[in-house]
file model09.cif (mmCIF, N, CA and C atoms)
data_data
#
loop_
_atom_site.label_atom_id
_atom_site.label_comp_id
_atom_site.auth_asym_id
_atom_site.auth_seq_id
_atom_site.Cartn_x
_atom_site.Cartn_y
_atom_site.Cartn_z
N MET A 1 75.75 -71.85 -88.82
CA MET A 1 75.06 -72.94 -88.14
C MET A 1 73.56 -72.73 -88.23
N ASP A 2 72.85 -73.82 -88.29
CA ASP A 2 71.39 -73.79 -88.33
C ASP A 2 70.84 -73.79 -86.91
N ASP A 3 69.78 -73.00 -86.68
CA ASP A 3 69.06 -73.08 -85.42
C ASP A 3 68.29 -74.39 -85.44
N LEU A 4 68.50 -75.21 -84.43
CA LEU A 4 67.85 -76.51 -84.40
C LEU A 4 66.64 -76.52 -83.47
N VAL A 5 66.82 -76.00 -82.22
CA VAL A 5 65.73 -76.07 -81.26
C VAL A 5 66.06 -75.19 -80.05
N THR A 6 65.04 -74.74 -79.37
CA THR A 6 65.20 -74.10 -78.07
C THR A 6 64.45 -74.95 -77.05
N ILE A 7 65.14 -75.30 -75.98
CA ILE A 7 64.61 -76.21 -74.97
C ILE A 7 64.48 -75.48 -73.64
N ASN A 8 63.34 -75.62 -73.02
CA ASN A 8 63.07 -74.94 -71.75
C ASN A 8 63.71 -75.72 -70.60
N ARG A 9 65.03 -75.74 -70.62
CA ARG A 9 65.83 -76.39 -69.57
C ARG A 9 67.16 -75.66 -69.47
N PRO A 10 67.83 -75.72 -68.31
CA PRO A 10 69.13 -75.08 -68.16
C PRO A 10 70.18 -75.66 -69.11
N ILE A 11 71.11 -74.83 -69.50
CA ILE A 11 72.13 -75.23 -70.47
C ILE A 11 72.93 -76.45 -70.00
N GLN A 12 73.22 -76.54 -68.70
CA GLN A 12 73.98 -77.69 -68.20
C GLN A 12 73.23 -78.99 -68.45
N ASP A 13 71.93 -78.99 -68.20
CA ASP A 13 71.13 -80.21 -68.41
C ASP A 13 71.12 -80.60 -69.88
N VAL A 14 70.88 -79.64 -70.75
CA VAL A 14 70.78 -79.93 -72.18
C VAL A 14 72.13 -80.39 -72.73
N PHE A 15 73.18 -79.65 -72.43
CA PHE A 15 74.51 -80.01 -72.93
C PHE A 15 74.90 -81.41 -72.47
N ASN A 16 74.78 -81.68 -71.17
CA ASN A 16 75.18 -82.99 -70.64
C ASN A 16 74.38 -84.13 -71.26
N PHE A 17 73.10 -83.92 -71.48
CA PHE A 17 72.25 -84.96 -72.06
C PHE A 17 72.63 -85.23 -73.52
N VAL A 18 72.82 -84.17 -74.30
CA VAL A 18 73.12 -84.33 -75.72
C VAL A 18 74.53 -84.87 -75.94
N ALA A 19 75.51 -84.36 -75.21
CA ALA A 19 76.90 -84.79 -75.40
C ALA A 19 77.12 -86.24 -74.98
N ASP A 20 76.28 -86.75 -74.11
CA ASP A 20 76.37 -88.16 -73.70
C ASP A 20 75.57 -88.99 -74.70
N HIS A 21 76.26 -89.49 -75.71
CA HIS A 21 75.59 -90.20 -76.79
C HIS A 21 74.95 -91.52 -76.36
N SER A 22 75.18 -91.94 -75.12
CA SER A 22 74.43 -93.12 -74.66
C SER A 22 72.95 -92.79 -74.52
N ASN A 23 72.61 -91.50 -74.57
CA ASN A 23 71.21 -91.06 -74.56
C ASN A 23 70.58 -91.00 -75.95
N ASP A 24 71.36 -91.19 -76.99
CA ASP A 24 70.84 -91.03 -78.36
C ASP A 24 69.58 -91.84 -78.62
N ARG A 25 69.52 -93.05 -78.09
CA ARG A 25 68.36 -93.92 -78.33
C ARG A 25 67.07 -93.33 -77.76
N LEU A 26 67.21 -92.38 -76.83
CA LEU A 26 66.04 -91.77 -76.20
C LEU A 26 65.43 -90.64 -77.03
N TRP A 27 66.20 -90.10 -78.01
CA TRP A 27 65.68 -88.95 -78.74
C TRP A 27 65.94 -88.97 -80.24
N LYS A 28 66.80 -89.82 -80.71
CA LYS A 28 67.05 -89.91 -82.15
C LYS A 28 66.23 -91.07 -82.71
N PRO A 29 65.22 -90.77 -83.52
CA PRO A 29 64.27 -91.79 -83.96
C PRO A 29 64.91 -92.99 -84.69
N PHE A 30 66.02 -92.79 -85.33
CA PHE A 30 66.64 -93.86 -86.12
C PHE A 30 67.62 -94.69 -85.30
N VAL A 31 67.90 -94.32 -84.04
CA VAL A 31 68.85 -95.04 -83.19
C VAL A 31 68.10 -96.05 -82.33
N THR A 32 68.56 -97.30 -82.35
CA THR A 32 67.91 -98.35 -81.55
C THR A 32 68.71 -98.71 -80.31
N THR A 33 70.02 -98.55 -80.35
CA THR A 33 70.87 -98.82 -79.19
C THR A 33 71.97 -97.75 -79.13
N SER A 34 72.39 -97.45 -77.91
CA SER A 34 73.48 -96.49 -77.75
C SER A 34 74.13 -96.73 -76.39
N LYS A 35 75.47 -96.82 -76.40
CA LYS A 35 76.18 -97.02 -75.15
C LYS A 35 77.60 -96.47 -75.27
N GLN A 36 78.13 -96.02 -74.15
CA GLN A 36 79.51 -95.55 -74.13
C GLN A 36 80.41 -96.78 -74.10
N ILE A 37 81.45 -96.79 -74.94
CA ILE A 37 82.36 -97.93 -74.98
C ILE A 37 83.76 -97.57 -74.51
N SER A 38 84.01 -96.30 -74.23
CA SER A 38 85.31 -95.88 -73.70
C SER A 38 85.17 -95.67 -72.19
N ALA A 39 86.30 -95.77 -71.50
CA ALA A 39 86.30 -95.51 -70.06
C ALA A 39 86.39 -94.01 -69.82
N GLY A 40 85.95 -93.59 -68.67
CA GLY A 40 86.10 -92.20 -68.29
C GLY A 40 84.90 -91.35 -68.60
N PRO A 41 85.03 -90.05 -68.30
CA PRO A 41 83.91 -89.13 -68.47
C PRO A 41 83.68 -88.78 -69.94
N VAL A 42 82.53 -88.19 -70.21
CA VAL A 42 82.22 -87.68 -71.55
C VAL A 42 83.12 -86.47 -71.78
N GLY A 43 83.79 -86.46 -72.92
CA GLY A 43 84.70 -85.38 -73.29
C GLY A 43 85.50 -85.82 -74.49
N VAL A 44 86.55 -85.09 -74.82
CA VAL A 44 87.38 -85.43 -75.97
C VAL A 44 87.88 -86.86 -75.83
N GLY A 45 87.69 -87.65 -76.89
CA GLY A 45 88.12 -89.04 -76.90
C GLY A 45 87.05 -90.03 -76.48
N ALA A 46 85.98 -89.56 -75.87
CA ALA A 46 84.90 -90.48 -75.47
C ALA A 46 84.30 -91.10 -76.72
N GLN A 47 84.05 -92.40 -76.66
CA GLN A 47 83.49 -93.13 -77.79
C GLN A 47 82.21 -93.85 -77.37
N PHE A 48 81.30 -93.91 -78.34
CA PHE A 48 80.00 -94.54 -78.13
C PHE A 48 79.71 -95.45 -79.30
N GLU A 49 79.04 -96.56 -79.03
CA GLU A 49 78.54 -97.42 -80.11
C GLU A 49 77.07 -97.10 -80.29
N ILE A 50 76.71 -96.73 -81.51
CA ILE A 50 75.35 -96.37 -81.85
C ILE A 50 74.82 -97.40 -82.84
N GLY A 51 73.69 -98.00 -82.52
CA GLY A 51 73.09 -98.99 -83.40
C GLY A 51 71.82 -98.48 -84.02
N MET A 52 71.59 -98.87 -85.26
CA MET A 52 70.38 -98.45 -85.96
C MET A 52 69.99 -99.52 -86.97
N ILE A 53 68.73 -99.49 -87.36
CA ILE A 53 68.24 -100.37 -88.40
C ILE A 53 68.27 -99.59 -89.71
N VAL A 54 69.00 -100.12 -90.68
CA VAL A 54 69.08 -99.51 -92.01
C VAL A 54 68.52 -100.54 -92.98
N GLY A 55 67.38 -100.19 -93.59
CA GLY A 55 66.68 -101.20 -94.39
C GLY A 55 66.16 -102.25 -93.43
N SER A 56 66.62 -103.47 -93.57
CA SER A 56 66.21 -104.53 -92.65
C SER A 56 67.40 -105.04 -91.85
N ARG A 57 68.51 -104.31 -91.87
CA ARG A 57 69.72 -104.77 -91.19
C ARG A 57 70.12 -103.84 -90.05
N TYR A 58 70.66 -104.45 -89.02
CA TYR A 58 71.21 -103.70 -87.90
C TYR A 58 72.61 -103.23 -88.29
N ARG A 59 72.89 -101.96 -88.07
CA ARG A 59 74.21 -101.39 -88.34
C ARG A 59 74.68 -100.67 -87.09
N ALA A 60 75.94 -100.87 -86.75
CA ALA A 60 76.53 -100.16 -85.62
C ALA A 60 77.64 -99.26 -86.13
N SER A 61 77.76 -98.10 -85.52
CA SER A 61 78.87 -97.22 -85.85
C SER A 61 79.41 -96.63 -84.56
N ILE A 62 80.62 -96.11 -84.66
CA ILE A 62 81.27 -95.50 -83.51
C ILE A 62 81.17 -93.98 -83.64
N VAL A 63 80.74 -93.36 -82.56
CA VAL A 63 80.72 -91.90 -82.45
C VAL A 63 81.86 -91.54 -81.51
N GLU A 64 82.68 -90.57 -81.92
CA GLU A 64 83.78 -90.12 -81.06
C GLU A 64 83.74 -88.60 -80.92
N ILE A 65 83.83 -88.12 -79.70
CA ILE A 65 83.90 -86.68 -79.45
C ILE A 65 85.32 -86.22 -79.74
N VAL A 66 85.46 -85.24 -80.63
CA VAL A 66 86.79 -84.78 -81.04
C VAL A 66 87.12 -83.37 -80.55
N GLU A 67 86.12 -82.58 -80.18
CA GLU A 67 86.32 -81.27 -79.57
C GLU A 67 85.22 -81.09 -78.53
N TYR A 68 85.54 -80.39 -77.44
CA TYR A 68 84.59 -80.35 -76.33
C TYR A 68 84.87 -79.15 -75.45
N GLU A 69 83.92 -78.24 -75.39
CA GLU A 69 83.98 -77.09 -74.48
C GLU A 69 82.66 -77.11 -73.71
N PRO A 70 82.68 -77.64 -72.45
CA PRO A 70 81.44 -77.83 -71.71
C PRO A 70 80.54 -76.60 -71.67
N TYR A 71 79.27 -76.86 -71.91
CA TYR A 71 78.19 -75.88 -71.87
C TYR A 71 78.29 -74.82 -72.96
N LYS A 72 79.17 -75.02 -73.93
CA LYS A 72 79.29 -74.09 -75.05
C LYS A 72 79.14 -74.81 -76.39
N TRP A 73 79.98 -75.80 -76.66
CA TRP A 73 79.94 -76.51 -77.94
C TRP A 73 80.73 -77.81 -77.85
N TYR A 74 80.45 -78.68 -78.80
CA TYR A 74 81.29 -79.87 -79.00
C TYR A 74 81.13 -80.35 -80.43
N VAL A 75 82.11 -81.18 -80.83
CA VAL A 75 82.15 -81.72 -82.19
C VAL A 75 82.34 -83.22 -82.06
N TYR A 76 81.59 -83.96 -82.87
CA TYR A 76 81.79 -85.41 -82.89
C TYR A 76 81.83 -85.90 -84.33
N LYS A 77 82.45 -87.06 -84.50
CA LYS A 77 82.52 -87.66 -85.83
C LYS A 77 82.02 -89.10 -85.75
N SER A 78 81.54 -89.55 -86.90
CA SER A 78 81.05 -90.91 -87.01
C SER A 78 81.06 -91.31 -88.47
N GLY A 79 80.70 -92.55 -88.73
CA GLY A 79 80.59 -93.02 -90.10
C GLY A 79 81.41 -94.27 -90.33
N ALA A 80 81.48 -94.67 -91.58
CA ALA A 80 82.21 -95.87 -91.97
C ALA A 80 83.61 -95.47 -92.43
N GLN A 81 84.44 -95.03 -91.48
CA GLN A 81 85.78 -94.59 -91.83
C GLN A 81 86.53 -95.75 -92.48
N PRO A 82 87.38 -95.54 -93.46
CA PRO A 82 87.75 -94.25 -94.02
C PRO A 82 86.92 -93.85 -95.26
N LEU A 83 85.91 -94.64 -95.60
CA LEU A 83 85.15 -94.35 -96.82
C LEU A 83 84.17 -93.20 -96.66
N PHE A 84 83.57 -93.12 -95.50
CA PHE A 84 82.53 -92.11 -95.29
C PHE A 84 82.58 -91.64 -93.84
N THR A 85 82.59 -90.34 -93.65
CA THR A 85 82.61 -89.77 -92.31
C THR A 85 81.67 -88.58 -92.27
N PHE A 86 81.00 -88.40 -91.16
CA PHE A 86 80.31 -87.14 -90.96
C PHE A 86 80.80 -86.54 -89.66
N ILE A 87 80.87 -85.23 -89.66
CA ILE A 87 81.33 -84.48 -88.50
C ILE A 87 80.22 -83.50 -88.13
N ALA A 88 79.75 -83.61 -86.90
CA ALA A 88 78.66 -82.75 -86.43
C ALA A 88 79.20 -81.73 -85.45
N HIS A 89 78.80 -80.48 -85.63
CA HIS A 89 79.17 -79.37 -84.76
C HIS A 89 77.89 -78.91 -84.06
N LEU A 90 77.88 -78.93 -82.74
CA LEU A 90 76.72 -78.47 -81.98
C LEU A 90 77.15 -77.37 -81.01
N ALA A 91 76.37 -76.28 -80.98
CA ALA A 91 76.64 -75.16 -80.09
C ALA A 91 75.42 -74.92 -79.21
N PHE A 92 75.67 -74.51 -77.98
CA PHE A 92 74.62 -74.32 -76.99
C PHE A 92 74.73 -72.91 -76.42
N ALA A 93 73.59 -72.26 -76.21
CA ALA A 93 73.59 -70.91 -75.64
C ALA A 93 72.41 -70.75 -74.71
N SER A 94 72.65 -70.09 -73.59
CA SER A 94 71.55 -69.76 -72.68
C SER A 94 70.74 -68.63 -73.29
N VAL A 95 69.42 -68.80 -73.30
CA VAL A 95 68.50 -67.77 -73.79
C VAL A 95 67.40 -67.63 -72.74
N ALA A 96 66.59 -66.60 -72.87
CA ALA A 96 65.54 -66.33 -71.88
C ALA A 96 64.64 -67.54 -71.65
N SER A 97 64.36 -68.29 -72.69
CA SER A 97 63.43 -69.42 -72.57
C SER A 97 64.13 -70.76 -72.32
N GLY A 98 65.43 -70.75 -72.03
CA GLY A 98 66.13 -72.00 -71.75
C GLY A 98 67.46 -72.09 -72.46
N THR A 99 67.57 -73.07 -73.35
CA THR A 99 68.82 -73.32 -74.07
C THR A 99 68.55 -73.44 -75.56
N ALA A 100 69.29 -72.66 -76.34
CA ALA A 100 69.23 -72.77 -77.80
C ALA A 100 70.33 -73.71 -78.26
N VAL A 101 69.95 -74.62 -79.14
CA VAL A 101 70.92 -75.56 -79.72
C VAL A 101 71.01 -75.25 -81.21
N ARG A 102 72.23 -75.07 -81.66
CA ARG A 102 72.49 -74.81 -83.08
C ARG A 102 73.51 -75.82 -83.56
N GLY A 103 73.53 -76.06 -84.86
CA GLY A 103 74.51 -77.01 -85.36
C GLY A 103 74.49 -77.18 -86.86
N HIS A 104 75.46 -77.94 -87.31
CA HIS A 104 75.49 -78.36 -88.71
C HIS A 104 76.37 -79.60 -88.83
N VAL A 105 76.19 -80.29 -89.95
CA VAL A 105 76.91 -81.53 -90.20
C VAL A 105 77.69 -81.40 -91.49
N GLU A 106 78.93 -81.87 -91.48
CA GLU A 106 79.77 -81.93 -92.67
C GLU A 106 79.89 -83.40 -93.07
N PHE A 107 79.87 -83.64 -94.37
CA PHE A 107 80.01 -85.00 -94.87
C PHE A 107 81.30 -85.09 -95.67
N GLN A 108 82.07 -86.14 -95.41
CA GLN A 108 83.29 -86.39 -96.16
C GLN A 108 83.23 -87.81 -96.67
N ALA A 109 83.52 -87.97 -97.97
CA ALA A 109 83.42 -89.30 -98.57
C ALA A 109 84.56 -89.54 -99.55
N ARG A 110 84.87 -90.80 -99.74
CA ARG A 110 85.88 -91.21 -100.72
C ARG A 110 85.27 -92.21 -101.68
N GLY A 111 85.89 -92.30 -102.84
CA GLY A 111 85.46 -93.30 -103.81
C GLY A 111 84.01 -93.13 -104.22
N LEU A 112 83.33 -94.25 -104.38
CA LEU A 112 81.93 -94.24 -104.81
C LEU A 112 81.00 -93.58 -103.79
N TRP A 113 81.42 -93.52 -102.53
CA TRP A 113 80.60 -92.89 -101.51
C TRP A 113 80.33 -91.42 -101.82
N ARG A 114 81.22 -90.79 -102.60
CA ARG A 114 81.01 -89.37 -102.96
C ARG A 114 79.67 -89.18 -103.65
N TRP A 115 79.22 -90.17 -104.41
CA TRP A 115 77.95 -90.07 -105.14
C TRP A 115 76.75 -90.18 -104.21
N VAL A 116 76.95 -90.74 -103.04
CA VAL A 116 75.87 -90.95 -102.09
C VAL A 116 75.65 -89.72 -101.20
N VAL A 117 76.66 -88.88 -101.04
CA VAL A 117 76.60 -87.74 -100.13
C VAL A 117 75.36 -86.87 -100.33
N PRO A 118 74.99 -86.50 -101.56
CA PRO A 118 73.79 -85.66 -101.70
C PRO A 118 72.53 -86.32 -101.12
N PHE A 119 72.39 -87.62 -101.25
CA PHE A 119 71.23 -88.32 -100.72
C PHE A 119 71.27 -88.36 -99.19
N ILE A 120 72.47 -88.53 -98.64
CA ILE A 120 72.62 -88.54 -97.19
C ILE A 120 72.30 -87.16 -96.61
N ARG A 121 72.73 -86.10 -97.30
CA ARG A 121 72.39 -84.75 -96.85
C ARG A 121 70.88 -84.54 -96.81
N VAL A 122 70.21 -85.01 -97.85
CA VAL A 122 68.74 -84.88 -97.91
C VAL A 122 68.11 -85.66 -96.76
N PHE A 123 68.61 -86.87 -96.50
CA PHE A 123 68.08 -87.68 -95.40
C PHE A 123 68.26 -86.95 -94.08
N PHE A 124 69.47 -86.48 -93.79
CA PHE A 124 69.72 -85.79 -92.52
C PHE A 124 68.86 -84.55 -92.39
N LYS A 125 68.75 -83.77 -93.45
CA LYS A 125 67.94 -82.55 -93.40
C LYS A 125 66.47 -82.90 -93.14
N SER A 126 65.98 -83.97 -93.76
CA SER A 126 64.58 -84.36 -93.57
C SER A 126 64.32 -84.84 -92.15
N GLN A 127 65.32 -85.38 -91.49
CA GLN A 127 65.16 -85.90 -90.14
C GLN A 127 65.43 -84.86 -89.06
N GLU A 128 66.11 -83.78 -89.43
CA GLU A 128 66.58 -82.79 -88.46
C GLU A 128 65.45 -82.22 -87.59
N LYS A 129 64.40 -81.74 -88.20
CA LYS A 129 63.30 -81.11 -87.46
C LYS A 129 62.65 -82.12 -86.51
N ARG A 130 62.35 -83.29 -87.02
CA ARG A 130 61.73 -84.34 -86.22
C ARG A 130 62.63 -84.76 -85.06
N THR A 131 63.91 -84.91 -85.34
CA THR A 131 64.86 -85.37 -84.33
C THR A 131 64.98 -84.35 -83.20
N PHE A 132 65.14 -83.07 -83.55
CA PHE A 132 65.33 -82.07 -82.50
C PHE A 132 64.01 -81.72 -81.80
N TYR A 133 62.89 -81.92 -82.46
CA TYR A 133 61.60 -81.80 -81.77
C TYR A 133 61.52 -82.90 -80.70
N GLN A 134 61.96 -84.09 -81.03
CA GLN A 134 61.96 -85.21 -80.07
C GLN A 134 62.88 -84.90 -78.90
N LEU A 135 64.05 -84.30 -79.16
CA LEU A 135 64.95 -83.91 -78.08
C LEU A 135 64.24 -82.94 -77.14
N LYS A 136 63.60 -81.93 -77.70
CA LYS A 136 62.87 -80.93 -76.91
C LYS A 136 61.81 -81.62 -76.05
N LYS A 137 61.05 -82.51 -76.65
CA LYS A 137 59.98 -83.23 -75.95
C LYS A 137 60.55 -84.06 -74.79
N VAL A 138 61.61 -84.80 -75.05
CA VAL A 138 62.21 -85.65 -74.01
C VAL A 138 62.76 -84.79 -72.88
N MET A 139 63.50 -83.74 -73.23
CA MET A 139 64.12 -82.91 -72.20
C MET A 139 63.08 -82.15 -71.37
N GLU A 140 62.08 -81.60 -72.01
CA GLU A 140 61.08 -80.82 -71.26
C GLU A 140 60.17 -81.71 -70.44
N ASN A 141 59.87 -82.91 -70.92
CA ASN A 141 59.05 -83.84 -70.14
C ASN A 141 59.82 -84.38 -68.95
N ALA A 142 61.15 -84.47 -69.07
CA ALA A 142 61.98 -84.98 -67.97
C ALA A 142 61.96 -84.02 -66.78
N SER A 143 61.67 -82.75 -67.04
CA SER A 143 61.67 -81.78 -65.94
C SER A 143 60.34 -81.75 -65.21
N ASN A 144 59.34 -82.46 -65.72
CA ASN A 144 58.01 -82.47 -65.08
C ASN A 144 57.91 -83.59 -64.06
#

call {"tool": "encode", "arguments": {"input": "model09.cif", "output": "structure tokens"}}
result
Amino acid sequence: MDDLVTINRPIQDVFNFVADHSNDRLWKPFVTTSKQISAGPVGVGAQFEIGMIVGSRYRASIVEIVEYEPYKWYVYKSGAQPLFTFIAHLAFASVASGTAVRGHVEFQARGLWRWVVPFIRVFFKSQEKRTFYQLKKVMENASN
């Protein structure tokens, strides 16, 4: 897993904020709308609709939490199933300065989408630092 960011906040605050994808619009620069569409608490099976502008078009996708261990790690999947899926693994650990967040993303594609995967990996990697810096900024400013 890649080290993504360390946030000067308790692990419970960071985990709950990140795992609740209705917050994505607050810290992911490419997300314009985000809301929970399933009933019940955040956990395995929780689904969210995430909207973003791609080119000049609005695109919505469903994010679903598929594994969940509170305050330790969770896994979610999204994409244009069944042609393209990404699976994100995020792990959280208490450290002296707050909470360390680590993670990585797997890409799965079928058909012609297989040719696009290298470009999508480059896009995600290029956005990773900026995105998690924004998470740190939002979370640390919320405590002030």

call {"tool": "residues_around", "arguments": {"input": "model09.cif", "residues": "segment 60-73 of chain A", "least_positions_apart": "6", "cutoff": "6 Å", "atoms": "only N, CA and C atoms", "output": "PyMOL selection string"}}
result
chain A and resi 11-12+15+43-52+79+90-92

call {"tool": "select_by_dssp", "arguments": {"input": "model09.cif", "residues": "segment 2-78 of chain A", "states": "helix (DSSP H, G or I)", "output": "ChimeraX atom specification"}}
result
/A:11-19,21-27

call {"tool": "residues_around", "arguments": {"input": "model09.cif", "residues": "segment 1-9 of chain A", "least_positions_apart": "6", "cutoff": "6 Å", "atoms": "only N, CA and C atoms", "output": "list of chain:residue names"}}
result
A:Ser97, A:Gly98, A:Thr99, A:Ala100, A:Val101, A:Arg102, A:Gly103, A:His104, A:Phe132, A:Lys136, A:Glu140

call {"tool": "write_last_selection", "arguments": {"input": "model09.cif", "atoms": "N, CA and C atoms", "output": "mmCIF file, in the coordinates of the input"}}
result
data_model
loop_
_atom_site.group_PDB
_atom_site.id
_atom_site.type_symbol
_atom_site.label_atom_id
_atom_site.label_comp_id
_atom_site.auth_asym_id
_atom_site.auth_seq_id
_atom_site.Cartn_x
_atom_site.Cartn_y
_atom_site.Cartn_z
ATOM 1 N N SER A 97 64.360 -68.290 -72.690
ATOM 2 C CA SER A 97 63.430 -69.420 -72.570
ATOM 3 C C SER A 97 64.130 -70.760 -72.320
ATOM 4 N N GLY A 98 65.430 -70.750 -72.030
ATOM 5 C CA GLY A 98 66.130 -72.000 -71.750
ATOM 6 C C GLY A 98 67.460 -72.090 -72.460
ATOM 7 N N THR A 99 67.570 -73.070 -73.350
ATOM 8 C CA THR A 99 68.820 -73.320 -74.070
ATOM 9 C C THR A 99 68.550 -73.440 -75.560
ATOM 10 N N ALA A 100 69.290 -72.660 -76.340
ATOM 11 C CA ALA A 100 69.230 -72.770 -77.800
ATOM 12 C C ALA A 100 70.330 -73.710 -78.260
ATOM 13 N N VAL A 101 69.950 -74.620 -79.140
ATOM 14 C CA VAL A 101 70.920 -75.560 -79.720
ATOM 15 C C VAL A 101 71.010 -75.250 -81.210
ATOM 16 N N ARG A 102 72.230 -75.070 -81.660
ATOM 17 C CA ARG A 102 72.490 -74.810 -83.080
ATOM 18 C C ARG A 102 73.510 -75.820 -83.560
ATOM 19 N N GLY A 103 73.530 -76.060 -84.860
ATOM 20 C CA GLY A 103 74.510 -77.010 -85.360
ATOM 21 C C GLY A 103 74.490 -77.180 -86.860
ATOM 22 N N HIS A 104 75.460 -77.940 -87.310
ATOM 23 C CA HIS A 104 75.490 -78.360 -88.710
ATOM 24 C C HIS A 104 76.370 -79.600 -88.830
ATOM 25 N N PHE A 132 65.140 -83.070 -83.550
ATOM 26 C CA PHE A 132 65.330 -82.070 -82.500
ATOM 27 C C PHE A 132 64.010 -81.720 -81.800
ATOM 28 N N LYS A 136 63.600 -81.930 -77.700
ATOM 29 C CA LYS A 136 62.870 -80.930 -76.910
ATOM 30 C C LYS A 136 61.810 -81.620 -76.050
ATOM 31 N N GLU A 140 62.080 -81.600 -72.010
ATOM 32 C CA GLU A 140 61.080 -80.820 -71.260
ATOM 33 C C GLU A 140 60.170 -81.710 -70.440
#

call {"tool": "residues_around", "arguments": {"input": "model09.cif", "residues": "Asp13 of chain A", "least_positions_apart": "5", "cutoff": "8 Å", "atoms": "only N, CA and C atoms", "output": "PyMOL selection string"}}
result
chain A and resi 18-19+71+139

call {"tool": "residues_around", "arguments": {"input": "model09.cif", "residues": "segment 106-117 of chain A", "least_positions_apart": "3", "cutoff": "6.5 Å", "atoms": "all atoms listed in the file", "output": "PyMOL selection string"}}
result
chain A and resi 82-89+120-122

call {"tool": "atom_distance", "arguments": {"input": "model09.cif", "atom1": "atom CA of Lys129 of chain A", "atom2": "atom CA of Val75 of chain A"}}
result
19.6 Å

call {"tool": "closest_residue", "arguments": {"input": "model09.cif", "among": "A:Ser38, A:Asn23, A:Ala93, A:Pro118", "to": "Pro10 of chain A", "atoms": "all atoms listed in the file"}}
result
A:Ala93

call {"tool": "select_by_dssp", "arguments": {"input": "model09.cif", "residues": "chain A", "states": "strand (DSSP E or B)", "output": "number ranges by chain"}}
result
A: 2-7, 31-36, 47-54, 57-69, 73-78, 84-95, 98-109

call {"tool": "atom_distance", "arguments": {"input": "model09.cif", "atom1": "atom N of His21 of chain A", "atom2": "atom C of Arg59 of chain A"}}
result
16.0 Å

call {"tool": "atom_distance", "arguments": {"input": "model09.cif", "atom1": "atom C of Thr33 of chain A", "atom2": "atom N of Phe119 of chain A"}}
result
24.3 Å

call {"tool": "residues_around", "arguments": {"input": "model09.cif", "residues": "Gln127 of chain A", "least_positions_apart": "6", "cutoff": "10 Å", "atoms": "only C-alpha atoms", "output": "list in words"}}
result
Lys28, Pro29, Phe30, Arg121 and Tyr133 of chain A

call {"tool": "closest_residue", "arguments": {"input": "model09.cif", "among": "A:Thr131, A:Arg57, A:Thr32, A:Asp20", "to": "Tyr76 of chain A", "atoms": "only C-alpha atoms"}}
result
A:Asp20

call {"tool": "decode", "arguments": {"input": "model09.cif", "residues": "segment 114-125 of chain A", "atoms": "N, CA and C atoms", "output": "PDB file, in the first residue's frame"}}
result
ATOM      1  N   ARG A 114      -9.650  -2.466 -21.605  1.00  0.00           N
ATOM      2  CA  ARG A 114      -8.307  -2.887 -21.165  1.00  0.00           C
ATOM      3  C   ARG A 114      -7.240  -1.930 -21.674  1.00  0.00           C
ATOM      4  N   TRP A 115      -7.440  -1.355 -22.846  1.00  0.00           N
ATOM      5  CA  TRP A 115      -6.457  -0.439 -23.436  1.00  0.00           C
ATOM      6  C   TRP A 115      -6.434   0.905 -22.726  1.00  0.00           C
ATOM      7  N   VAL A 116      -7.504   1.227 -22.023  1.00  0.00           N
ATOM      8  CA  VAL A 116      -7.616   2.512 -21.347  1.00  0.00           C
ATOM      9  C   VAL A 116      -6.996   2.473 -19.940  1.00  0.00           C
ATOM     10  N   VAL A 117      -6.880   1.295 -19.350  1.00  0.00           N
ATOM     11  CA  VAL A 117      -6.412   1.148 -17.972  1.00  0.00           C
ATOM     12  C   VAL A 117      -5.096   1.884 -17.702  1.00  0.00           C
ATOM     13  N   PRO A 118      -4.072   1.770 -18.557  1.00  0.00           N
ATOM     14  CA  PRO A 118      -2.832   2.503 -18.255  1.00  0.00           C
ATOM     15  C   PRO A 118      -3.038   4.017 -18.130  1.00  0.00           C
ATOM     16  N   PHE A 119      -3.910   4.586 -18.932  1.00  0.00           N
ATOM     17  CA  PHE A 119      -4.176   6.025 -18.869  1.00  0.00           C
ATOM     18  C   PHE A 119      -4.934   6.382 -17.592  1.00  0.00           C
ATOM     19  N   ILE A 120      -5.854   5.505 -17.190  1.00  0.00           N
ATOM     20  CA  ILE A 120      -6.609   5.739 -15.961  1.00  0.00           C
ATOM     21  C   ILE A 120      -5.678   5.653 -14.753  1.00  0.00           C
ATOM     22  N   ARG A 121      -4.745   4.709 -14.768  1.00  0.00           N
ATOM     23  CA  ARG A 121      -3.769   4.615 -13.675  1.00  0.00           C
ATOM     24  C   ARG A 121      -2.952   5.900 -13.563  1.00  0.00           C
ATOM     25  N   VAL A 122      -2.521   6.418 -14.703  1.00  0.00           N
ATOM     26  CA  VAL A 122      -1.743   7.665 -14.708  1.00  0.00           C
ATOM     27  C   VAL A 122      -2.592   8.802 -14.151  1.00  0.00           C
ATOM     28  N   PHE A 123      -3.856   8.873 -14.569  1.00  0.00           N
ATOM     29  CA  PHE A 123      -4.748   9.920 -14.070  1.00  0.00           C
ATOM     30  C   PHE A 123      -4.887   9.823 -12.556  1.00  0.00           C
ATOM     31  N   PHE A 124      -5.205   8.629 -12.045  1.00  0.00           N
ATOM     32  CA  PHE A 124      -5.384   8.466 -10.598  1.00  0.00           C
ATOM     33  C   PHE A 124      -4.110   8.810  -9.843  1.00  0.00           C
ATOM     34  N   LYS A 125      -2.975   8.355 -10.334  1.00  0.00           N
ATOM     35  CA  LYS A 125      -1.702   8.637  -9.669  1.00  0.00           C
ATOM     36  C   LYS A 125      -1.431  10.146  -9.651  1.00  0.00           C
TER      37      LYS A 125
END
